[in-house]
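Data first, discussion second: the structure below is written as structure tokens.
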Amino acid sequence: MASIYRANDKLIGRDVAIKVTDTSDKSWKDIKPESILRQFEREVQISGQLSHHNFVTVYDAGKEGPLCYLVMELIDGATLTRIIKEDEPKLDMRQKLDVLIQVARALHYAHQHGIIHRDIKPSNIMILPNGQVKMMDFGVALVSEGSMIKLSDAQIDAIGGTPYYMSPEQVGKKDVDGRSDLFSLAVVSYELLAGRRPFMAEHLFNLYEKILRTDPPPVQELNATIPGKVAAIISICMNKDPDLRLPSCKTFADQLDEIINDSFFEAEGEVITEELIKLLRKYREAFTFFLDLDNSQIYKLLQVCQVRKFEKDKVICYEGDIAREMYLVVSGEVRIVRGKVEGNPIVITTFKRGDIFGEMGIIDGGPRSATAIASEQCQMLVLHQVSLLRCDDTTAGKIYRNLSHILSNKLRITSQRLDDLSRRLEV
Ligand SMILES: Nc1ncnc2c1ncn2[C@@H]1O[C@H](COP(=O)(O)OP(=O)(O)OP(=O)(O)O)[C@@H](O)[C@H]1O
Ligand SMILES: [Mg+2]
């Protein structure tokens, strides 16, 4: 349907991607250039409404003669199509589930803003080298849907847009809501984990029949290493009846997150021993973070935390990485730097026993703004975003309050520094 060019915006000096559709091409004969332009413009508008780190930013749209174009952020990464077909870059089970969780959370964000993507498929999902998901093609979906009705099977094959990922309600031309995207995401999940699409057919009609009426083979039959709970979630979300799927993409993400963390704790985490709990209780005063939690709450919290050791100079988390966990320094010292680790990064601050960092990961799950490196051997208590879901509301409430205290303190210090700096600059 389009060609994508890598281009350079000379005015701003940044690389961009330009999607160009040549409406004089014969496959477009029934479609007016204006309707494509409108869809591109709609995409710019949607991008303006949805500012989210997992969505590609769209800058501009326009028309030059028969050419309609869309200018967007250039993503230097791989599409899920490539990951599925070529197994390159190679992702392990945990990384694949992490991709699906990011897609689901981003979709939930869009759904909350009243936007249904309608064209969730591997070629519209890209992965940056740091694992961050970038999704694209909002708003174009309506054109492809509308045009598919008019195009023959052969034409659809020619433009490569076979609708393997459509939900039964899309096929049946019924009203769709977020659960339609959830169905498509389940189809993508199936393909990513099993290496094969759940619904396949030679002809479009048969494909539609399958989507409407048949259940695909259980995903574990194709790949036995898929955890049973994951297979169950995918199967539930591919239900023909939206009411029988999980209620939202958020539930999908939360459930996968829990599964990842269950196995994660077993695999990587050091068990929290009674001894350690005693120690932490004893030193509660030092960890102001725990100050207003009672013993049973600390106990519950520690059960969902991990203890990790980091050797001297080991990177604890990288700038730009998607943040999902925060750290409490139990022992040792950590330096927070900005810039390339191999280069000469600027040290912003250092943290010692009792200090907390990375708390934004718990709150918004966005990219990290700095890198944390162990200055000496460190022991860290790690709290993952989903761990909080396992705490009771009172404990979680107290933790969030403590986190907001920490954040407001850091914000105050930052404003003071900014103020000092601007005064110095004035002098
Ligand atoms: N912003 C971008 N940055 C980098 N590569 C991109 C960008 N947008 C698209 N691409 C690449 O170009 C390919 C084609 O994108 P395009 O959206 O035209 O086609 P598609 O997703 O395969 O099908 P459809 O046109 O139905 O969306 C993508 O799969 C991706 O590899
Ligand atoms: Mg696309």
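Labeling convention for the structure tokens: chains A, B, ... as they appear, residues from 1 per chain, ligands from 1 in order of appearance.
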Using only C-alpha atoms and all ligand atoms, what does the table of chain A residues within 7 Å of ligand 2 look like, with each row giving the shortest atom pair and its distance in Å to one decimal, sorted by chain and ascending number, as JSON lines?
{"residue": "A:Ser123", "atom": "CA", "partner": "ligand 2", "partner_atom_place_in_ligand_line": "1 (Mg)", "distance": 5.5}
{"residue": "A:Asn124", "atom": "CA", "partner": "ligand 2", "partner_atom_place_in_ligand_line": "1 (Mg)", "distance": 4.4}
{"residue": "A:Met136", "atom": "CA", "partner": "ligand 2", "partner_atom_place_in_ligand_line": "1 (Mg)", "distance": 6.4}
{"residue": "A:Asp137", "atom": "CA", "partner": "ligand 2", "partner_atom_place_in_ligand_line": "1 (Mg)", "distance": 5.3}
Selection file, C-alpha atoms, as a PDB file, in the first residue's frame:
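Written output follows (part_9.pdb):
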ATOM      1  CA  SER A 123       4.438  -5.403  10.699  1.00  0.00           C
ATOM      2  CA  ASN A 124       2.936  -2.555  12.739  1.00  0.00           C
ATOM      3  CA  MET A 136       2.426   2.453  14.291  1.00  0.00           C
ATOM      4  CA  ASP A 137      -0.339   2.818  11.738  1.00  0.00           C
TER       5      ASP A 137
END
Using only C-alpha atoms and all ligand atoms, which residues of chain A come within 10 Å of ligand 1, and what is the closest atom pair for each, with the distance in Å to one decimal? Give it as a Markdown table, sorted by chain and residue number.
| residue | atom | partner | partner_atom_place_in_ligand_line | distance |
| --- | --- | --- | --- | --- |
| A:Met1 | CA | ligand 1 | 25 (O) | 5.0 |
| A:Ala2 | CA | ligand 1 | 18 (O) | 4.7 |
| A:Ser3 | CA | ligand 1 | 18 (O) | 5.7 |
| A:Ile4 | CA | ligand 1 | 12 (O) | 5.2 |
| A:Tyr5 | CA | ligand 1 | 5 (N) | 8.1 |
| A:Arg6 | CA | ligand 1 | 4 (C) | 7.4 |
| A:Asp15 | CA | ligand 1 | 3 (N) | 9.7 |
| A:Val16 | CA | ligand 1 | 1 (N) | 7.2 |
| A:Ala17 | CA | ligand 1 | 1 (N) | 4.9 |
| A:Ile18 | CA | ligand 1 | 1 (N) | 7.3 |
| A:Lys19 | CA | ligand 1 | 18 (O) | 6.4 |
| A:Val20 | CA | ligand 1 | 18 (O) | 8.1 |
| A:Thr21 | CA | ligand 1 | 18 (O) | 8.6 |
| A:Phe55 | CA | ligand 1 | 1 (N) | 9.8 |
| A:Val56 | CA | ligand 1 | 1 (N) | 6.4 |
| A:Thr57 | CA | ligand 1 | 1 (N) | 8.1 |
| A:Val58 | CA | ligand 1 | 1 (N) | 8.2 |
| A:Leu70 | CA | ligand 1 | 1 (N) | 9.5 |
| A:Val71 | CA | ligand 1 | 1 (N) | 8.1 |
| A:Met72 | CA | ligand 1 | 1 (N) | 5.4 |
| A:Glu73 | CA | ligand 1 | 1 (N) | 5.2 |
| A:Leu74 | CA | ligand 1 | 3 (N) | 3.9 |
| A:Ile75 | CA | ligand 1 | 3 (N) | 3.8 |
| A:Asp76 | CA | ligand 1 | 4 (C) | 5.9 |
| A:Gly77 | CA | ligand 1 | 4 (C) | 7.1 |
| A:Ala78 | CA | ligand 1 | 31 (O) | 6.9 |
| A:Thr79 | CA | ligand 1 | 31 (O) | 5.5 |
| A:Leu80 | CA | ligand 1 | 29 (O) | 8.4 |
| A:Thr81 | CA | ligand 1 | 29 (O) | 7.3 |
| A:Arg82 | CA | ligand 1 | 31 (O) | 8.3 |
| A:Asp119 | CA | ligand 1 | 27 (O) | 7.5 |
| A:Ile120 | CA | ligand 1 | 27 (O) | 9.1 |
| A:Lys121 | CA | ligand 1 | 21 (O) | 7.6 |
| A:Pro122 | CA | ligand 1 | 21 (O) | 7.7 |
| A:Ser123 | CA | ligand 1 | 29 (O) | 4.1 |
| A:Asn124 | CA | ligand 1 | 21 (O) | 4.7 |
| A:Ile125 | CA | ligand 1 | 29 (O) | 7.8 |
| A:Met126 | CA | ligand 1 | 30 (C) | 7.3 |
| A:Lys134 | CA | ligand 1 | 1 (N) | 8.7 |
| A:Met135 | CA | ligand 1 | 1 (N) | 8.9 |
| A:Met136 | CA | ligand 1 | 8 (N) | 6.8 |
| A:Asp137 | CA | ligand 1 | 27 (O) | 5.8 |
| A:Phe138 | CA | ligand 1 | 27 (O) | 9.0 |
| A:Val140 | CA | ligand 1 | 27 (O) | 7.2 |
| A:Ala141 | CA | ligand 1 | 26 (O) | 7.4 |
| A:Val143 | CA | ligand 1 | 26 (O) | 9.3 |
| A:Ser144 | CA | ligand 1 | 26 (O) | 6.7 |
| A:Glu145 | CA | ligand 1 | 26 (O) | 9.6 |
| A:Ile159 | CA | ligand 1 | 26 (O) | 8.3 |
| A:Gly160 | CA | ligand 1 | 22 (O) | 7.2 |
| A:Gly161 | CA | ligand 1 | 26 (O) | 5.4 |
| A:Thr162 | CA | ligand 1 | 26 (O) | 8.7 |
| A:Pro163 | CA | ligand 1 | 26 (O) | 9.2 |
Check your understanding: Could you name the residues that touch Cys68 of chain A at 7 Å or less, counting only C-alpha atoms, but leaving out those on the same chain fewer than 3 positions away, as a ChimeraX atom specification?
Key -> /A:20-22,37,62-64
Exercise for review: as an MDAnalysis selection string, list the residues of segment 195-346 of chain A assigned to alpha helix (DSSP H) by DSSP on the backbone atoms of this structure.
Suggested key: chainID A and resid 204:213 219:222 228:237 249:268 274:282 295:303
**Study point:** Nearby residues (only C-alpha atoms) at most 7 Å from Val44 of chain A, same-chain spacing under 4 positions excluded, as number ranges by chain
**Key:** A: 40, 48, 58-61
**Study point:** Neighbour list for segment 383-388 of chain A as an MDAnalysis selection string, cut-off 12 Å, only C-alpha atoms, skip fewer than 6 positions in-chain
**Key:** chainID A and resid 101 251 253:262 264:265 269 297 300:308 322:329 356:366 394:400 403
Suppose we keep C-alpha atoms; can you now write the selection as a CSV table (one decimal), in the first residue's frame?
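Produced file part-v4.csv, reproduced below:
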chain,number,residue,atom,x,y,z
A,101,ILE,CA,2.9,-6.8,27.7
A,251,THR,CA,-5.9,-7.4,32.3
A,253,ALA,CA,-0.9,-7.3,30.5
A,254,ASP,CA,-1.3,-7.7,34.2
A,255,GLN,CA,-1.8,-11.4,33.9
A,256,LEU,CA,1.3,-11.9,31.7
A,257,ASP,CA,3.3,-9.7,34.0
A,258,GLU,CA,2.4,-11.9,37.0
A,259,ILE,CA,3.4,-15.0,35.1
A,260,ILE,CA,6.7,-13.5,34.1
A,261,ASN,CA,7.4,-12.5,37.6
A,262,ASP,CA,6.5,-15.8,39.1
A,264,PHE,CA,11.4,-14.7,37.3
A,265,PHE,CA,11.6,-15.0,41.1
A,269,GLY,CA,15.8,-14.1,42.7
A,297,GLN,CA,3.2,-5.2,55.8
A,300,LYS,CA,4.3,-9.0,52.6
A,301,LEU,CA,6.3,-6.4,50.7
A,302,LEU,CA,9.5,-8.3,51.1
A,303,GLN,CA,7.9,-11.5,49.9
A,304,VAL,CA,7.2,-9.8,46.6
A,305,CYS,CA,10.7,-8.1,46.4
A,306,GLN,CA,13.9,-9.6,45.2
A,307,VAL,CA,17.4,-9.2,46.6
A,308,ARG,CA,20.1,-8.8,44.0
A,322,ILE,CA,11.9,0.5,29.9
A,323,ALA,CA,11.6,0.8,33.6
A,324,ARG,CA,9.5,-1.6,35.5
A,325,GLU,CA,11.3,-1.8,38.9
A,326,MET,CA,12.7,0.4,41.6
A,327,TYR,CA,15.7,-0.3,43.8
A,328,LEU,CA,16.4,0.2,47.5
A,329,VAL,CA,20.1,0.2,48.3
A,356,ILE,CA,15.7,4.6,46.6
A,357,PHE,CA,16.1,5.1,42.9
A,358,GLY,CA,14.3,4.1,39.7
A,359,GLU,CA,10.9,4.7,41.4
A,360,MET,CA,9.5,6.2,38.2
A,361,GLY,CA,9.6,2.7,36.9
A,362,ILE,CA,6.9,1.7,39.4
A,363,ILE,CA,4.8,4.8,38.5
A,364,ASP,CA,4.8,5.2,34.7
A,365,GLY,CA,7.0,2.5,33.3
A,366,GLY,CA,8.6,4.9,30.8
A,394,THR,CA,-3.4,-0.6,52.4
A,395,THR,CA,0.2,-1.7,51.9
A,396,ALA,CA,0.2,-0.6,48.2
A,397,GLY,CA,-1.4,2.7,49.2
A,398,LYS,CA,1.3,3.4,51.8
A,399,ILE,CA,4.0,2.5,49.3
A,400,TYR,CA,2.7,4.8,46.6
A,403,LEU,CA,7.1,7.0,46.6
What are the closest atom pairs, with distances in Å to one decimal, for each residue of segment 199-241 of chain A lying within 10 Å of segment 188-194 of chain A, using only C-alpha atoms, rows by chain and rising residue number, as a tab-separated table?
residue	atom	partner	partner_atom	distance
A:Phe199	CA	A:Glu191	CA	9.8
A:Pro216	CA	A:Tyr190	CA	9.7
A:Pro218	CA	A:Tyr190	CA	9.3
A:Val219	CA	A:Ala194	CA	6.2
A:Gln220	CA	A:Ala194	CA	7.7
A:Glu221	CA	A:Ala194	CA	8.7
A:Leu222	CA	A:Ala194	CA	5.6
A:Asn223	CA	A:Ala194	CA	5.5
A:Ala224	CA	A:Ala194	CA	9.0
A:Thr225	CA	A:Leu193	CA	9.1
A:Ile226	CA	A:Leu193	CA	7.2
A:Val230	CA	A:Ser189	CA	9.5
A:Ala231	CA	A:Tyr190	CA	8.3
A:Ile233	CA	A:Ser189	CA	10.0
A:Ile234	CA	A:Tyr190	CA	6.8
A:Ser235	CA	A:Tyr190	CA	8.7
A:Met238	CA	A:Tyr190	CA	9.5
Point to revise | Residues near His111 of chain A, cut-off 12 Å, only C-alpha atoms, skip fewer than 4 positions along chain, as a PyMOL selection string | key: chain A and resi 46+49-50+104-107+115-118+176-182+248-250
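Atom pair atom CA of Pro242 of chain A / atom CA of Lys210 of chain A has a distance of 16.3 Å (rounded to one decimal).
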Practice item. Just the strand (DSSP E or B) stuff from segment 105-238 of chain A, please, per backbone DSSP, written as number ranges by chain. Key: A: 125-127, 133-135
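In this structure, atom CA of Ile406 of chain A sits 8.6 Å away from atom CA of Phe289 of chain A.
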Review point. So which one's closest to Lys29 of chain A, A:Met166, A:Tyr109, A:Pro66, A:Asn402? Using only C-alpha atoms, please.
Key: A:Pro66
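Nearest residue to Thr414 of chain A among A:Ser27, A:Asn54, A:Asn130, A:Thr349 is A:Thr349, counting only C-alpha atoms.
Nearest residue to Gln132 of chain A, choosing from A:Leu100, A:Val341, A:Ala110, A:Ile316 and counting only C-alpha atoms: A:Leu100.
If you look at atom CA of Lys229 of chain A and atom CA of Pro217 of chain A, they are 16.0 Å away from each other.
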